[in-house]
>>> print(open('protein.cif').read())   # mmCIF, C-alpha atoms
data_entry
loop_
_atom_site.label_atom_id
_atom_site.label_comp_id
_atom_site.auth_asym_id
_atom_site.auth_seq_id
_atom_site.Cartn_x
_atom_site.Cartn_y
_atom_site.Cartn_z
CA MET A 742 18.64 13.69 39.59
CA LYS A 743 15.76 15.69 38.15
CA GLN A 744 14.20 18.59 40.02
CA LEU A 745 10.61 18.61 41.19
CA ARG A 746 8.29 20.37 38.81
CA ILE A 747 5.43 22.39 40.20
CA GLY A 748 3.32 21.59 37.13
CA VAL A 749 3.64 17.84 37.70
CA LEU A 750 2.75 18.21 41.37
CA ALA A 751 -0.22 20.45 40.54
CA GLY A 752 -1.38 17.98 37.89
CA LEU A 753 -1.21 15.10 40.37
CA PHE A 754 -3.11 17.19 42.90
CA VAL A 755 -5.88 18.06 40.43
CA VAL A 756 -6.26 14.54 39.03
CA ALA A 757 -6.36 13.04 42.53
CA GLY A 758 -8.87 15.69 43.58
CA VAL A 759 -11.23 15.07 40.68
CA LEU A 760 -11.05 11.31 41.11
CA SER A 761 -11.60 11.63 44.86
CA TRP A 762 -14.57 13.96 44.39
CA ALA A 763 -16.15 11.55 41.91
CA ALA A 764 -15.48 8.58 44.17
CA ALA A 765 -16.95 10.44 47.16
CA ARG A 766 -20.14 11.16 45.19
CA LEU A 767 -20.42 7.54 44.12
CA TRP A 768 -19.61 6.17 47.55
CA ASP A 769 -22.11 8.50 49.24
CA ALA A 770 -24.82 7.41 46.80
CA LEU A 771 -24.14 3.77 47.62
CA GLY A 772 -23.76 4.10 51.38
CA THR A 773 -21.73 5.99 53.92
CA LEU A 774 -18.68 8.00 52.97
CA PRO A 775 -15.40 6.91 54.60
CA SER A 776 -14.14 9.45 57.10
CA VAL A 777 -11.10 11.68 56.80
CA PRO A 778 -8.84 10.69 59.71
CA LEU A 779 -7.72 13.33 62.16
CA ALA A 780 -4.22 11.89 61.86
CA ALA A 781 -3.94 12.83 58.16
CA PRO A 782 -3.06 16.52 58.63
CA ILE A 783 -0.94 15.68 61.69
CA VAL A 784 1.21 13.16 59.80
CA LEU A 785 1.61 15.48 56.81
CA ALA A 786 2.57 18.37 59.10
CA ALA A 787 5.13 16.15 60.85
CA ILE A 788 6.68 15.22 57.50
CA ALA A 789 6.81 18.92 56.56
CA ALA A 790 8.53 19.68 59.87
CA VAL A 791 11.11 16.92 59.33
CA LEU A 792 11.85 18.13 55.80
CA THR A 793 12.16 21.74 56.96
CA ALA A 794 14.44 20.80 59.87
CA THR A 795 16.62 18.73 57.54
CA ALA A 796 16.86 21.59 55.05
CA LEU A 797 17.76 24.12 57.74
CA SER A 798 20.38 21.80 59.22
CA LEU A 799 21.96 21.11 55.83
CA ARG A 800 21.87 24.79 54.92
CA SER A 801 23.71 25.83 58.08
CA ARG A 802 26.29 23.05 57.67
CA LEU A 803 26.88 23.97 54.02
CA LYS A 804 27.21 27.64 54.92
CA ALA A 805 29.74 26.84 57.64
CA GLN A 806 31.65 24.65 55.21
CA ARG A 807 31.70 27.39 52.52
CA GLU A 808 32.92 29.96 55.04
CA ARG A 809 35.60 27.49 56.18
CA ARG A 810 34.72 27.87 59.84
CA PRO A 811 36.97 25.91 62.18
CA GLY A 812 35.31 22.66 63.26
CA ALA A 813 32.62 22.88 60.60
CA GLN A 814 31.13 19.50 59.79
CA GLY A 815 31.01 18.62 56.15
CA VAL A 816 27.92 17.27 54.44
CA ASP A 817 28.11 13.72 53.14
CA PRO A 818 26.95 13.90 49.49
CA LEU A 819 25.15 10.55 49.78
CA MET A 820 23.24 11.76 52.84
CA ALA A 821 22.25 14.96 51.03
CA ALA A 822 21.12 12.94 48.01
CA ARG A 823 19.03 10.67 50.24
CA ALA A 824 17.44 13.70 51.88
CA VAL A 825 16.52 15.12 48.47
CA VAL A 826 15.05 11.80 47.33
CA PHE A 827 13.02 11.60 50.55
CA GLY A 828 11.80 15.15 49.94
CA GLN A 829 10.85 14.45 46.34
CA ALA A 830 9.01 11.26 47.26
CA SER A 831 7.23 13.07 50.08
CA ALA A 832 6.18 15.87 47.73
CA LEU A 833 4.74 13.43 45.20
CA VAL A 834 2.81 11.54 47.87
CA ALA A 835 1.64 14.81 49.47
CA ALA A 836 0.33 16.01 46.10
CA LEU A 837 -1.68 12.80 45.69
CA VAL A 838 -2.92 12.69 49.29
CA GLY A 839 -3.66 16.41 49.38
CA GLY A 840 -5.60 16.14 46.15
CA ALA A 841 -7.54 13.15 47.40
CA TYR A 842 -8.51 14.89 50.63
CA GLY A 843 -9.17 18.10 48.71
CA GLY A 844 -11.64 16.32 46.43
CA THR A 845 -13.36 14.75 49.41
CA GLY A 846 -13.43 18.12 51.16
CA VAL A 847 -15.03 19.79 48.14
CA PHE A 848 -17.70 17.09 48.13
CA LEU A 849 -18.29 17.62 51.86
CA LEU A 850 -18.82 21.37 51.38
CA GLY A 851 -22.36 20.56 50.23
CA SER A 852 -23.32 19.20 53.64
CA LEU A 853 -21.66 21.48 56.20
CA ASP A 854 -24.92 21.65 58.18
CA ILE A 855 -24.23 18.10 59.45
CA PRO A 856 -21.68 18.36 62.31
CA ALA A 857 -19.84 15.13 61.48
CA ARG A 858 -19.42 16.12 57.84
CA ARG A 859 -18.35 19.63 58.84
CA ASP A 860 -15.59 18.11 61.00
CA GLN A 861 -14.55 15.87 58.10
CA ALA A 862 -14.40 18.89 55.77
CA ILE A 863 -12.20 20.72 58.29
CA TYR A 864 -9.84 17.73 58.56
CA ALA A 865 -9.72 17.53 54.77
CA GLY A 866 -8.91 21.25 54.51
CA PHE A 867 -6.11 20.96 57.05
CA SER A 868 -4.81 17.92 55.16
CA VAL A 869 -4.60 19.97 51.96
CA LEU A 870 -2.75 22.76 53.78
CA ALA A 871 -0.34 20.28 55.37
CA GLY A 872 0.23 18.66 51.96
CA ILE A 873 1.12 22.05 50.52
CA ALA A 874 3.53 22.55 53.44
CA VAL A 875 5.21 19.22 52.61
CA ILE A 876 5.61 20.28 48.98
CA ALA A 877 7.05 23.66 49.98
CA ALA A 878 9.48 22.04 52.43
CA ALA A 879 10.58 19.49 49.81
CA ILE A 880 11.26 22.24 47.27
CA PHE A 881 13.19 24.21 49.90
CA LEU A 882 15.26 21.12 50.74
CA GLU A 883 15.94 20.53 47.07
CA ARG A 884 17.14 24.13 46.62
CA VAL A 885 19.39 23.89 49.68
CA CYS A 886 21.07 20.74 48.34
CA LYS A 887 21.48 22.04 44.80
CA LEU A 888 25.11 22.09 43.71
CA PRO A 889 26.49 25.57 42.95
CA GLU A 890 27.60 24.60 39.44
CA ASP A 891 24.03 23.48 38.66
CA GLY A 892 22.86 27.07 39.06
CA GLU A 893 25.71 28.46 36.95
CA HIS A 894 25.10 26.17 33.97
CA ASN A 895 23.25 28.14 31.30
CA GLY A 896 22.16 25.20 29.15
CA HIS A 897 24.58 25.96 26.31
CA GLY A 898 27.41 23.69 27.46
CA ASP A 899 29.34 26.67 28.84
CA LYS A 900 29.46 27.00 32.63
CA ASN A 901 31.04 30.43 32.46
CA GLY A 902 27.88 32.12 31.26
CA PRO A 903 27.09 33.68 27.93
CA ALA A 904 29.91 34.88 25.75
CA PRO A 905 30.57 38.61 25.92
CA ALA A 906 28.92 40.57 23.18
CA GLY A 907 31.30 41.35 20.36
CA PRO A 908 31.17 44.11 17.80
CA ALA A 909 28.06 44.09 15.66
CA ALA A 910 28.70 42.76 12.19
#
>>> encode(input="protein.cif", output="structure tokens")
Amino acid sequence: MKQLRIGVLAGLFVVAGVLSWAAARLWDALGTLPSVPLAAPIVLAAIAAVLTATALSLRSRLKAQRERRPGAQGVDPLMAARAVVFGQASALVAALVGGAYGGTGVFLLGSLDIPARRDQAIYAGFSVLAGIAVIAAAIFLERVCKLPEDGEHNGHGDKNGPAPAGPAA
């Protein structure tokens, strides 16, 4: 399973933002701009909370398992993998949705004197913040579920680290 890459998420965010800003300009020129729902930041924040709670639960269970505490519940590898896949999918969607609402919010900044558009810009801003929270929670979950040997592998086919330095020739 590949790790999330911040660059890919940032690229998705920017592309979605630019496309959303352009679409908002076009849509506003042709008629009324669709509204940013109040539920958008709430749903994204709920997803971030679920991801964070899952990561904290898994982290405490893994820690108890490593310390060999009596009665410690193990972590099913398939359940951990599913949690990571859910986190990765959520991060990708949050990058797209956050970018889309961010582009709309940037467009709405030009008309903050209209109360309805000001409210829409606020909802869009909170949606972007909640999307960033989802991405942060997904990355945290991914780090919690990372296998210890994945962190020890140095990319040279040797899991024991670099060879000790010998005498200079």
>>> closest_residue(input="protein.cif", among="A:Val838, A:Ala790, A:Ala857, A:Ile873", to="Leu774 in chain A", atoms="all atoms listed in the file")
A:Ala857
>>> resolve_selection(input="protein.cif", expression="the PyMOL selection byres ((chain A and resi 841) around 8)", output="number ranges by chain")
A: 754, 757-762, 837-840, 842-845
>>> resolve_selection(input="protein.cif", expression="the PyMOL selection byres ((chain A and resi 836) around 12)", output="VMD selection string")
chain A and resid 745 to 758 785 829 to 835 837 to 844 868 to 877 879
>>> closest_residue(input="protein.cif", among="A:Val784, A:Cys886, A:Phe848, A:Lys743", to="Gln861 in chain A", atoms="only C-alpha atoms")
A:Phe848
>>> closest_residue(input="protein.cif", among="A:Phe827, A:Gln744, A:Lys887, A:Gly846", to="Val791 in chain A", atoms="only C-alpha atoms")
A:Phe827
>>> closest_residue(input="protein.cif", among="A:Val885, A:Ala786, A:Ala770, A:Val825", to="Leu799 in chain A", atoms="all atoms listed in the file")
A:Val885
>>> decode(input="protein.cif", residues="range 765-854 of chain A", atoms="C-alpha atoms", output="compact mmCIF listing (two decimals), in the first residue's frame")
# COMPACT_ATOMS: atom_id res chain seq x y z
CA ALA A 765 -18.08 30.11 -10.07
CA ARG A 766 -17.20 33.10 -12.28
CA LEU A 767 -18.92 31.52 -15.27
CA TRP A 768 -21.95 30.41 -13.29
CA ASP A 769 -22.34 33.84 -11.67
CA ALA A 770 -22.18 35.51 -15.09
CA LEU A 771 -24.94 33.22 -16.37
CA GLY A 772 -27.21 33.33 -13.33
CA THR A 773 -27.12 32.66 -9.63
CA LEU A 774 -24.22 30.90 -7.98
CA PRO A 775 -25.08 27.63 -6.18
CA SER A 776 -24.76 27.94 -2.43
CA VAL A 777 -22.17 26.33 -0.19
CA PRO A 778 -24.16 24.11 2.19
CA LEU A 779 -23.78 24.58 5.92
CA ALA A 780 -23.47 20.80 6.20
CA ALA A 781 -20.20 20.73 4.20
CA PRO A 782 -17.85 21.76 7.02
CA ILE A 783 -19.87 19.75 9.53
CA VAL A 784 -19.58 16.52 7.54
CA LEU A 785 -15.87 17.06 6.89
CA ALA A 786 -15.26 17.78 10.59
CA ALA A 787 -17.17 14.60 11.52
CA ILE A 788 -14.99 12.55 9.17
CA ALA A 789 -11.87 14.14 10.69
CA ALA A 790 -13.15 13.26 14.17
CA VAL A 791 -13.81 9.64 13.17
CA LEU A 792 -10.34 9.30 11.63
CA THR A 793 -8.69 10.85 14.67
CA ALA A 794 -10.63 8.63 17.09
CA THR A 795 -9.72 5.55 15.05
CA ALA A 796 -6.05 6.53 15.01
CA LEU A 797 -5.98 7.17 18.76
CA SER A 798 -7.74 3.87 19.47
CA LEU A 799 -5.38 1.90 17.24
CA ARG A 800 -2.35 3.68 18.70
CA SER A 801 -3.30 2.82 22.27
CA ARG A 802 -4.07 -0.81 21.35
CA LEU A 803 -0.76 -1.16 19.49
CA LYS A 804 1.12 0.39 22.39
CA ALA A 805 -0.52 -2.01 24.86
CA GLN A 806 0.30 -4.91 22.56
CA ARG A 807 3.97 -3.84 22.24
CA GLU A 808 4.28 -3.48 26.02
CA ARG A 809 2.67 -6.93 26.42
CA ARG A 810 0.13 -5.69 28.93
CA PRO A 811 -2.11 -8.42 30.33
CA GLY A 812 -5.48 -8.45 28.59
CA ALA A 813 -4.31 -6.20 25.77
CA GLN A 814 -6.42 -6.59 22.65
CA GLY A 815 -4.50 -7.18 19.48
CA VAL A 816 -5.14 -5.26 16.29
CA ASP A 817 -6.51 -7.22 13.36
CA PRO A 818 -4.22 -6.40 10.40
CA LEU A 819 -7.16 -6.42 7.98
CA MET A 820 -9.06 -3.93 10.15
CA ALA A 821 -6.00 -1.68 10.33
CA ALA A 822 -5.58 -1.88 6.55
CA ARG A 823 -9.24 -0.98 6.04
CA ALA A 824 -8.87 1.99 8.37
CA VAL A 825 -5.85 3.22 6.40
CA VAL A 826 -7.68 2.81 3.08
CA PHE A 827 -10.65 4.75 4.50
CA GLY A 828 -8.26 7.46 5.66
CA GLN A 829 -6.52 7.68 2.30
CA ALA A 830 -9.80 7.83 0.41
CA SER A 831 -11.10 10.47 2.81
CA ALA A 832 -7.95 12.56 2.35
CA LEU A 833 -8.23 12.45 -1.44
CA VAL A 834 -11.90 13.43 -1.36
CA ALA A 835 -11.21 16.14 1.24
CA ALA A 836 -8.49 17.61 -0.98
CA LEU A 837 -10.92 17.79 -3.91
CA VAL A 838 -13.86 19.10 -1.87
CA GLY A 839 -11.70 21.54 0.09
CA GLY A 840 -10.22 22.86 -3.14
CA ALA A 841 -13.64 23.21 -4.72
CA TYR A 842 -15.02 25.14 -1.76
CA GLY A 843 -11.79 27.11 -1.52
CA GLY A 844 -12.12 28.25 -5.14
CA THR A 845 -15.73 29.22 -4.57
CA GLY A 846 -14.75 31.03 -1.38
CA VAL A 847 -12.04 33.00 -3.19
CA PHE A 848 -14.61 34.04 -5.79
CA LEU A 849 -17.02 35.09 -3.03
CA LEU A 850 -14.38 37.32 -1.40
CA GLY A 851 -15.18 39.93 -4.04
CA SER A 852 -18.73 40.38 -2.76
CA LEU A 853 -18.50 40.22 1.04
CA ASP A 854 -20.74 43.30 1.32
